[in-house]
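**Student:** Shown below is the structure under consideration.
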Amino acid sequence: MDKFETQLYSSQLKADLDLFNQLQILIDALSMTENMPELLVILQKILAFDSHQSKMVRIDNDYWFPSTHWVTIAFAKISDQASLSPTKVVLPNAQKVAELHFSEWPNATFRFVQAPLAAGGYYLVETAQNLRVLYWDIAHKRFYLDTKQFAKLVQTQAVQLAGLDALDIFQKRLTAIASQFTEIAYDIDLPGIDAQKQVDLEMLRKDLSTNILDSLFVLGAKQQFILKRMTGKKSGAVITIGEVSLRLTTHHINDGHVQWTYDIIDDNRDVTIYTLFQQLPFFYQWYSDHLTGVGLKDKREVFVD
Amino acid sequence: MTIKDTQTILQPELVNQLERKISYLRDLQSAIKNNQISEVYQLIDLHKFNDRFKNISSETSMAQLDYLVVDIKKDIAAFLAPELINYIVTNFDFLTLEPVADNATLYDVYLGDWWDHRQLGTLNVLTVTLTGNDAIISELLETSELPVTETINTTKIQEVKKVIAGLESFLADNTKRSLELQVIEDQLSEMATNKSGLFGRSDKVTREALEKKQELLVATQKRVPEVEEKLNKQQAYLLRFEKEDTLRQLELQAILAHFVDVPTFITELQHIYMSYMAKLDQK
């Protein structure tokens with residue numbers, strides 16, 4: 001029988017309590033900070049916290065949350081600061097991860113899930129349809145939009161019902177967050193979300209076949225939106241929607257191929273490609289039918305299904 | 001009669017002939033200089049001008065001097081083109097004209113400015129004639145006579161859509177077939193390894209029935225690539241038929257926005273020389 005070392009027990013207990021005290025300090029700091037870079041440092045420390053470092057104390061109760069919860073809390077703070085439209089954190093009954101509510105989309109909820117990648121990172125996902133919005137890699141400073149699923153998300157009833165203003169607010173929110181992240185050397189890729197940057201949105205495939213454009217012509221004409229051949233210096237095709245024109249422009253590149261881009265020309269700079277997806281079902285149908293060719297180029301490698 | 005006598009007799013006529021040519025060129029030069037487009041057309045084809053526009057027959061001797069300017073006709077065409085094109089795009093604003101490469105006399109005429117617009121014909125700037133595409137014109141006539149809900153390709157589109165629905169349904173059932181096949185394979189493997197189990201009585205009939213079903217399912221699955229190829233083909237047909245209809249509908253809409261019917265439009269095109277000369281005459 002071993003001799004019980006009271007002093008040893010006491011010091012181990014103290015070490016464990018000190019460890020959890022550190023976590024408490026971090027969580028307190030997370031709740032208090034208004035400074036985004038500081039918030040991210042705190043979050044990284046929380047994510048790096050490993051409760052298994054404790055030798056004796058085990059915490060296992062309803063209030064012990066996984067990393068995705070703290071990512072949600074941190075993102076909610078950043079999101080709330082980035083927009084006048086509030087972001088709320090809600091903890092549904094018997095759940096371990098908080099959900100996000102962006103006020104502009106009252107009928108939709110979002111949560112963070114871990115990305116199944118060696119590099120780590122998290123996906124922000126809309127819960128009802130399980131559609132991804134973005135990838136956030138806190139450790140490697142990456143913030144990417146899932147253009148494919150976000151385009152699908154803007155078609156969902158909850159988002160459709162909220163209307164164009166809500167979509168506009170949400171896009172501005174993400175753009176503002178991205179802008180703050182840029183200041184701390186993040187790699188940002190949110191194609192098509194910023195109403196100020198709606199030209200040269202590259203399509204996935206070069207050298208589009210005529211059939212693809214024929215298909216847009218046929219679908220558009222059914223709704224009285226006529227695809228026209230572009231005139232002037234640039235070549236391609238254009239559809240005019242009121243005061244906005246959606247251009248599919250060709251660019252001859254050095255390797256002899258033709259790169260196609262979307263250029264949305266709107267003098268008011270309010271409209272994005274996602275606004276058009278939401279407003280013009282025929283455009284989204286075409287986009288979705290030919291996604292492998294005409295899909296927006298994004299950081300597809302991080303979006304694993 | 002001496003050579004000198006002959007020359008004296010012939011000389012006045014020769015001088016007259018030269019005078020006519022010089023006068024023709026001088027008139028043409030003056031008309032171009034003064035931007036008198038109507039006179040230029042008159043000079044480059046007097047017969048046509050008189051027959052079609054003035055309704056009078058002209059003497060042969062007065063005409064046919066345009067061969068004198070045959071080598072500069074393309075320059076004359078370049079001079080005449082802007083006014084004529086302006087007239088056409090003003091009076092037929094749904095037509096788009098594009099110059100034919102290396103030929104200043106000809107312009108390709110398209111219906112509309114939409115994607116893949118069809119070429120209605122070719123305009124000759126010197127003769128002010130439009131050589132039309134008969135196939136397009138007869139399609140437009142046919143479309144205009146159909147009920148609003150119908151198009152030339154309605155039946156073909158319906159048939160292709162039916163075929164596509166069948167092929168898509170076959171492909172959609174593929175997941176079901178794969179599962180069914182998996183179940184049969186599991187059952188057969190069970191029968192082979194577990195003699196004392198459910199099939200312990202070496203139920204030959206059951207095994208054979210399962211094997212037959214397996215064979216059928218495998219054979220059906222093998223058809224998937226072929227069906228996919230067929231589906232692609234049918235989808236290409238559908239797109240072609242829908243595109244043809246779309247083009248015709250847009251063309252018809254554009255024509256009927258300006259003319260009471262297609263025959264009136266065709267007549268206007270055929271009489272473009274006369275209407276243009278009349279317009280020039282008003283200036």
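Residues in the structure tokens are named by chain (A, B, ... in the order shown) and by number from 1 within that chain; ligands are numbered from 1 in the order shown.
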With DSSP run on the backbone, what are the strand (DSSP E or B) residues within stretch 115-148 of chain B? I'd like them as a compact mmCIF listing (two decimals) with C-alpha atoms, in the first residue's frame.

**Tutor:**
```txt
# COMPACT_ATOMS: atom_id res chain seq x y z
CA GLN B 119 -28.87 36.63 -90.40
CA LEU B 120 -31.89 37.81 -92.31
CA GLY B 121 -29.93 38.59 -95.44
CA THR B 122 -27.26 40.72 -97.08
CA LEU B 123 -27.63 44.36 -98.01
CA ASN B 124 -25.98 45.70 -101.14
CA THR B 129 -31.30 45.55 -102.22
CA LEU B 130 -31.58 43.03 -99.47
CA THR B 131 -31.04 39.43 -100.45
CA GLY B 132 -33.15 37.64 -97.89
```

**Student:** Using only C-alpha atoms and a cut-off of 8 Å, which residues of chain B sit close to chain A? Please list them as a list of chain:residue names.

**Tutor:**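 Only these qualify: B:Asp113, B:Trp114, B:Trp115, B:Asp116, B:Leu239, B:Glu242, B:Lys243, B:Thr246.
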
**Student:** May I have the residues within 12 Å of A:Val304 as a PDB file with N, CA and C atoms, in the first residue's frame, using only C-alpha atoms and disregarding those fewer than 6 positions away in the same chain?

**Tutor:**
```
ATOM      1  N   GLN A 114     -16.961  22.008 -36.807  1.00  0.00           N
ATOM      2  CA  GLN A 114     -15.552  21.816 -37.120  1.00  0.00           C
ATOM      3  C   GLN A 114     -15.375  21.344 -38.554  1.00  0.00           C
ATOM      4  N   ALA A 115     -14.419  21.923 -39.260  1.00  0.00           N
ATOM      5  CA  ALA A 115     -14.146  21.479 -40.631  1.00  0.00           C
ATOM      6  C   ALA A 115     -13.287  20.213 -40.567  1.00  0.00           C
ATOM      7  N   PRO A 116     -13.633  19.209 -41.384  1.00  0.00           N
ATOM      8  CA  PRO A 116     -12.848  17.972 -41.315  1.00  0.00           C
ATOM      9  C   PRO A 116     -11.528  18.085 -42.085  1.00  0.00           C
ATOM     10  N   LEU A 117     -10.717  19.029 -41.693  1.00  0.00           N
ATOM     11  CA  LEU A 117      -9.468  19.286 -42.413  1.00  0.00           C
ATOM     12  C   LEU A 117      -8.287  19.138 -41.467  1.00  0.00           C
ATOM     13  N   ALA A 118      -7.168  18.719 -42.012  1.00  0.00           N
ATOM     14  CA  ALA A 118      -5.968  18.591 -41.190  1.00  0.00           C
ATOM     15  C   ALA A 118      -5.576  19.957 -40.624  1.00  0.00           C
ATOM     16  N   GLY A 120      -7.511  22.173 -39.682  1.00  0.00           N
ATOM     17  CA  GLY A 120      -8.496  22.644 -38.700  1.00  0.00           C
ATOM     18  C   GLY A 120      -9.406  23.683 -39.308  1.00  0.00           C
ATOM     19  N   GLY A 121      -9.968  24.531 -38.452  1.00  0.00           N
ATOM     20  CA  GLY A 121     -10.878  25.569 -38.935  1.00  0.00           C
ATOM     21  C   GLY A 121     -12.325  25.162 -38.738  1.00  0.00           C
ATOM     22  N   TYR A 122     -13.208  26.122 -38.978  1.00  0.00           N
ATOM     23  CA  TYR A 122     -14.632  25.921 -38.698  1.00  0.00           C
ATOM     24  C   TYR A 122     -15.489  26.425 -39.857  1.00  0.00           C
ATOM     25  N   TYR A 123     -16.637  25.767 -40.030  1.00  0.00           N
ATOM     26  CA  TYR A 123     -17.603  26.228 -41.024  1.00  0.00           C
ATOM     27  C   TYR A 123     -18.753  26.927 -40.299  1.00  0.00           C
ATOM     28  N   ARG A 132     -23.513  25.715 -45.882  1.00  0.00           N
ATOM     29  CA  ARG A 132     -22.343  26.440 -45.379  1.00  0.00           C
ATOM     30  C   ARG A 132     -22.305  27.868 -45.908  1.00  0.00           C
ATOM     31  N   LEU A 134     -19.401  30.021 -44.673  1.00  0.00           N
ATOM     32  CA  LEU A 134     -17.978  30.347 -44.786  1.00  0.00           C
ATOM     33  C   LEU A 134     -17.097  29.398 -43.979  1.00  0.00           C
ATOM     34  N   TYR A 135     -15.820  29.551 -44.238  1.00  0.00           N
ATOM     35  CA  TYR A 135     -14.792  28.783 -43.525  1.00  0.00           C
ATOM     36  C   TYR A 135     -13.941  29.784 -42.762  1.00  0.00           C
ATOM     37  N   ASP A 146     -18.059  30.154 -48.983  1.00  0.00           N
ATOM     38  CA  ASP A 146     -18.442  29.013 -49.819  1.00  0.00           C
ATOM     39  C   ASP A 146     -19.460  29.544 -50.832  1.00  0.00           C
ATOM     40  N   LYS A 148     -20.666  28.372 -53.523  1.00  0.00           N
ATOM     41  CA  LYS A 148     -21.652  27.410 -54.024  1.00  0.00           C
ATOM     42  C   LYS A 148     -22.849  27.318 -53.077  1.00  0.00           C
ATOM     43  N   GLN A 149     -22.551  27.125 -51.794  1.00  0.00           N
ATOM     44  CA  GLN A 149     -23.654  26.933 -50.854  1.00  0.00           C
ATOM     45  C   GLN A 149     -24.305  28.251 -50.444  1.00  0.00           C
TER      46      GLN A 149
END
```

**Student:** My list of candidates is A:Tyr287, A:Gln160, A:Gln95, A:Ser83. Which is closest to A:Ala108 when distances are computed with only C-alpha atoms?

**Tutor:** A:Gln160

**Student:** I'd like the contact shell of A:Gln259 - 6 Å cut-off, only C-alpha atoms, skipping same-chain residues fewer than 6 positions apart - returned as a VMD selection string.

**Tutor:** chain A and resid 206 250 to 251

**Student:** I need the chosen residues saved as a compact mmCIF listing (two decimals), in the first residue's frame, with C-alpha atoms.

**Tutor:**
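To be explicit, this is the file written out as again-v7.txt:
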```
# COMPACT_ATOMS: atom_id res chain seq x y z
CA LYS A 206 -12.13 28.63 -69.09
CA THR A 250 -14.25 37.10 -72.00
CA HIS A 251 -10.57 37.75 -71.29
```

**Student:** Applying 9 Å and only C-alpha atoms, which residues near B:Phe92 remain after dropping the ones on its own chain fewer than 4 positions away? List them as number ranges by chain.

**Tutor:** B: 87-88, 96, 255, 258

**Student:** Kindly save the residues from that selection, with N, CA and C atoms included, as a PDB file, in the first residue's frame.

**Tutor:**
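Dumped to selection22.pdb:
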```
ATOM      1  N   TYR B  87     -30.581  55.181 -92.385  1.00  0.00           N
ATOM      2  CA  TYR B  87     -31.988  55.068 -92.780  1.00  0.00           C
ATOM      3  C   TYR B  87     -32.575  53.733 -92.314  1.00  0.00           C
ATOM      4  N   ILE B  88     -31.802  52.666 -92.524  1.00  0.00           N
ATOM      5  CA  ILE B  88     -32.327  51.332 -92.174  1.00  0.00           C
ATOM      6  C   ILE B  88     -32.486  51.180 -90.665  1.00  0.00           C
ATOM      7  N   THR B  96     -29.866  44.679 -87.195  1.00  0.00           N
ATOM      8  CA  THR B  96     -28.473  45.014 -86.881  1.00  0.00           C
ATOM      9  C   THR B  96     -27.654  44.766 -88.138  1.00  0.00           C
ATOM     10  N   ILE B 255     -40.672  42.230 -85.019  1.00  0.00           N
ATOM     11  CA  ILE B 255     -41.318  42.621 -86.280  1.00  0.00           C
ATOM     12  C   ILE B 255     -42.714  43.182 -85.995  1.00  0.00           C
ATOM     13  N   HIS B 258     -43.380  46.695 -84.912  1.00  0.00           N
ATOM     14  CA  HIS B 258     -43.239  47.768 -85.913  1.00  0.00           C
ATOM     15  C   HIS B 258     -44.174  47.635 -87.101  1.00  0.00           C
TER      16      HIS B 258
END
```

**Student:** Could you pull the residues within 6 Å of A:Val125, counting only C-alpha atoms, minus those fewer than 3 positions along the same chain, as a list in words?

**Tutor:**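 The contact residues come out as Phe110, Arg111, Asn130, Leu131, Arg132 and Val133 of chain A.
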
**Student:** How would the residues just picked look written out with C-alpha atoms as a JSON list (two decimals), in the first residue's frame?

**Tutor:**
```json
[["chain", "number", "residue", "atom", "x", "y", "z"],
["A", 110, "PHE", "CA", -26.50, 29.52, -37.84],
["A", 111, "ARG", "CA", -23.88, 27.56, -35.97],
["A", 130, "ASN", "CA", -27.34, 22.64, -43.44],
["A", 131, "LEU", "CA", -25.82, 25.07, -45.92],
["A", 132, "ARG", "CA", -22.34, 26.44, -45.38],
["A", 133, "VAL", "CA", -21.66, 30.14, -45.50]]
```

**Student:** Residues within 10 Å of A:Gln198, please, as a PyMOL selection string. Count only C-alpha atoms; anything in the same chain fewer than 2 positions from it doesn't count.

**Tutor:** chain A and resi 191-196+200-201+246+261-266+269-273

**Student:** Can you list, as JSON, numbers by chain, every residue of stretch 5-78 of chain A that DSSP puts in helix (DSSP H, G or I)?

**Tutor:** {"A": [6, 7, 8, 9, 10, 11, 12, 13, 14, 15, 16, 17, 18, 19, 20, 21, 22, 23, 24, 25, 26, 27, 28, 29, 30, 31, 32, 36, 37, 38, 39, 40, 41, 42, 43, 44, 45, 46, 47, 48, 51, 52, 53, 67, 68, 69, 70, 71, 72, 73, 74, 75, 76, 77, 78]}

**Student:** Generate the output file for the selected residues, C-alpha atoms, as an mmCIF file, in the first residue's frame.

**Tutor:**
```cif
data_model
loop_
_atom_site.group_PDB
_atom_site.id
_atom_site.type_symbol
_atom_site.label_atom_id
_atom_site.label_comp_id
_atom_site.auth_asym_id
_atom_site.auth_seq_id
_atom_site.Cartn_x
_atom_site.Cartn_y
_atom_site.Cartn_z
ATOM 1 C CA THR A 6 -1.278 14.929 1.430
ATOM 2 C CA GLN A 7 1.130 17.616 0.302
ATOM 3 C CA LEU A 8 1.422 16.091 -3.169
ATOM 4 C CA TYR A 9 -2.357 15.822 -3.433
ATOM 5 C CA SER A 10 -2.710 19.420 -2.400
ATOM 6 C CA SER A 11 -0.178 20.632 -4.969
ATOM 7 C CA GLN A 12 -1.779 18.592 -7.777
ATOM 8 C CA LEU A 13 -5.187 19.937 -6.874
ATOM 9 C CA LYS A 14 -3.800 23.450 -6.855
ATOM 10 C CA ALA A 15 -2.189 22.894 -10.272
ATOM 11 C CA ASP A 16 -5.516 21.699 -11.670
ATOM 12 C CA LEU A 17 -7.404 24.591 -10.145
ATOM 13 C CA ASP A 18 -4.813 27.029 -11.500
ATOM 14 C CA LEU A 19 -5.290 25.461 -14.921
ATOM 15 C CA PHE A 20 -9.066 25.940 -14.819
ATOM 16 C CA ASN A 21 -8.562 29.367 -13.326
ATOM 17 C CA GLN A 22 -6.636 30.249 -16.486
ATOM 18 C CA LEU A 23 -9.612 29.127 -18.558
ATOM 19 C CA GLN A 24 -11.943 31.207 -16.419
ATOM 20 C CA ILE A 25 -9.689 34.230 -16.909
ATOM 21 C CA LEU A 26 -9.740 33.646 -20.673
ATOM 22 C CA ILE A 27 -13.519 33.320 -20.809
ATOM 23 C CA ASP A 28 -13.894 36.418 -18.703
ATOM 24 C CA ALA A 29 -11.506 38.277 -21.011
ATOM 25 C CA LEU A 30 -13.477 37.014 -24.031
ATOM 26 C CA SER A 31 -16.648 38.460 -22.584
ATOM 27 C CA MET A 32 -15.026 41.780 -21.711
ATOM 28 C CA MET A 36 -10.904 42.323 -32.230
ATOM 29 C CA PRO A 37 -7.203 41.279 -32.437
ATOM 30 C CA GLU A 38 -7.201 40.725 -28.670
ATOM 31 C CA LEU A 39 -10.419 38.733 -28.963
ATOM 32 C CA LEU A 40 -8.815 36.468 -31.544
ATOM 33 C CA VAL A 41 -5.769 35.888 -29.343
ATOM 34 C CA ILE A 42 -8.044 34.981 -26.428
ATOM 35 C CA LEU A 43 -10.089 32.671 -28.642
ATOM 36 C CA GLN A 44 -6.974 30.896 -29.855
ATOM 37 C CA LYS A 45 -5.914 30.359 -26.248
ATOM 38 C CA ILE A 46 -9.358 28.972 -25.362
ATOM 39 C CA LEU A 47 -9.225 26.645 -28.376
ATOM 40 C CA ALA A 48 -5.760 25.519 -27.347
ATOM 41 C CA SER A 51 -8.804 20.023 -20.066
ATOM 42 C CA HIS A 52 -6.879 16.739 -20.125
ATOM 43 C CA GLN A 53 -3.836 18.580 -18.872
ATOM 44 C CA SER A 67 -14.520 24.556 -29.021
ATOM 45 C CA THR A 68 -17.253 25.331 -31.600
ATOM 46 C CA HIS A 69 -19.199 27.050 -28.858
ATOM 47 C CA TRP A 70 -16.380 29.482 -28.100
ATOM 48 C CA VAL A 71 -15.844 30.095 -31.821
ATOM 49 C CA THR A 72 -19.535 30.989 -32.043
ATOM 50 C CA ILE A 73 -19.304 33.347 -29.065
ATOM 51 C CA ALA A 74 -16.227 35.075 -30.487
ATOM 52 C CA PHE A 75 -17.697 35.362 -33.976
ATOM 53 C CA ALA A 76 -20.913 36.794 -32.551
ATOM 54 C CA LYS A 77 -18.914 39.568 -30.892
ATOM 55 C CA ILE A 78 -17.021 40.347 -34.096
#
```

**Student:** Using only C-alpha atoms, find the one residue out of A:Phe181, A:Phe170, A:Trp136, A:Tyr284 that sits nearest to A:Trp105.

**Tutor:**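 Answer, going by the shortest atom-to-atom distance: A:Phe170.
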
**Student:** Report, in Å with one decimal, the straight-line distance from atom CA of B:Glu150 to atom CA of B:Phe94.

**Tutor:**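 About the pair atom CA of B:Glu150 and atom CA of B:Phe94: they are 23.4 Å apart.
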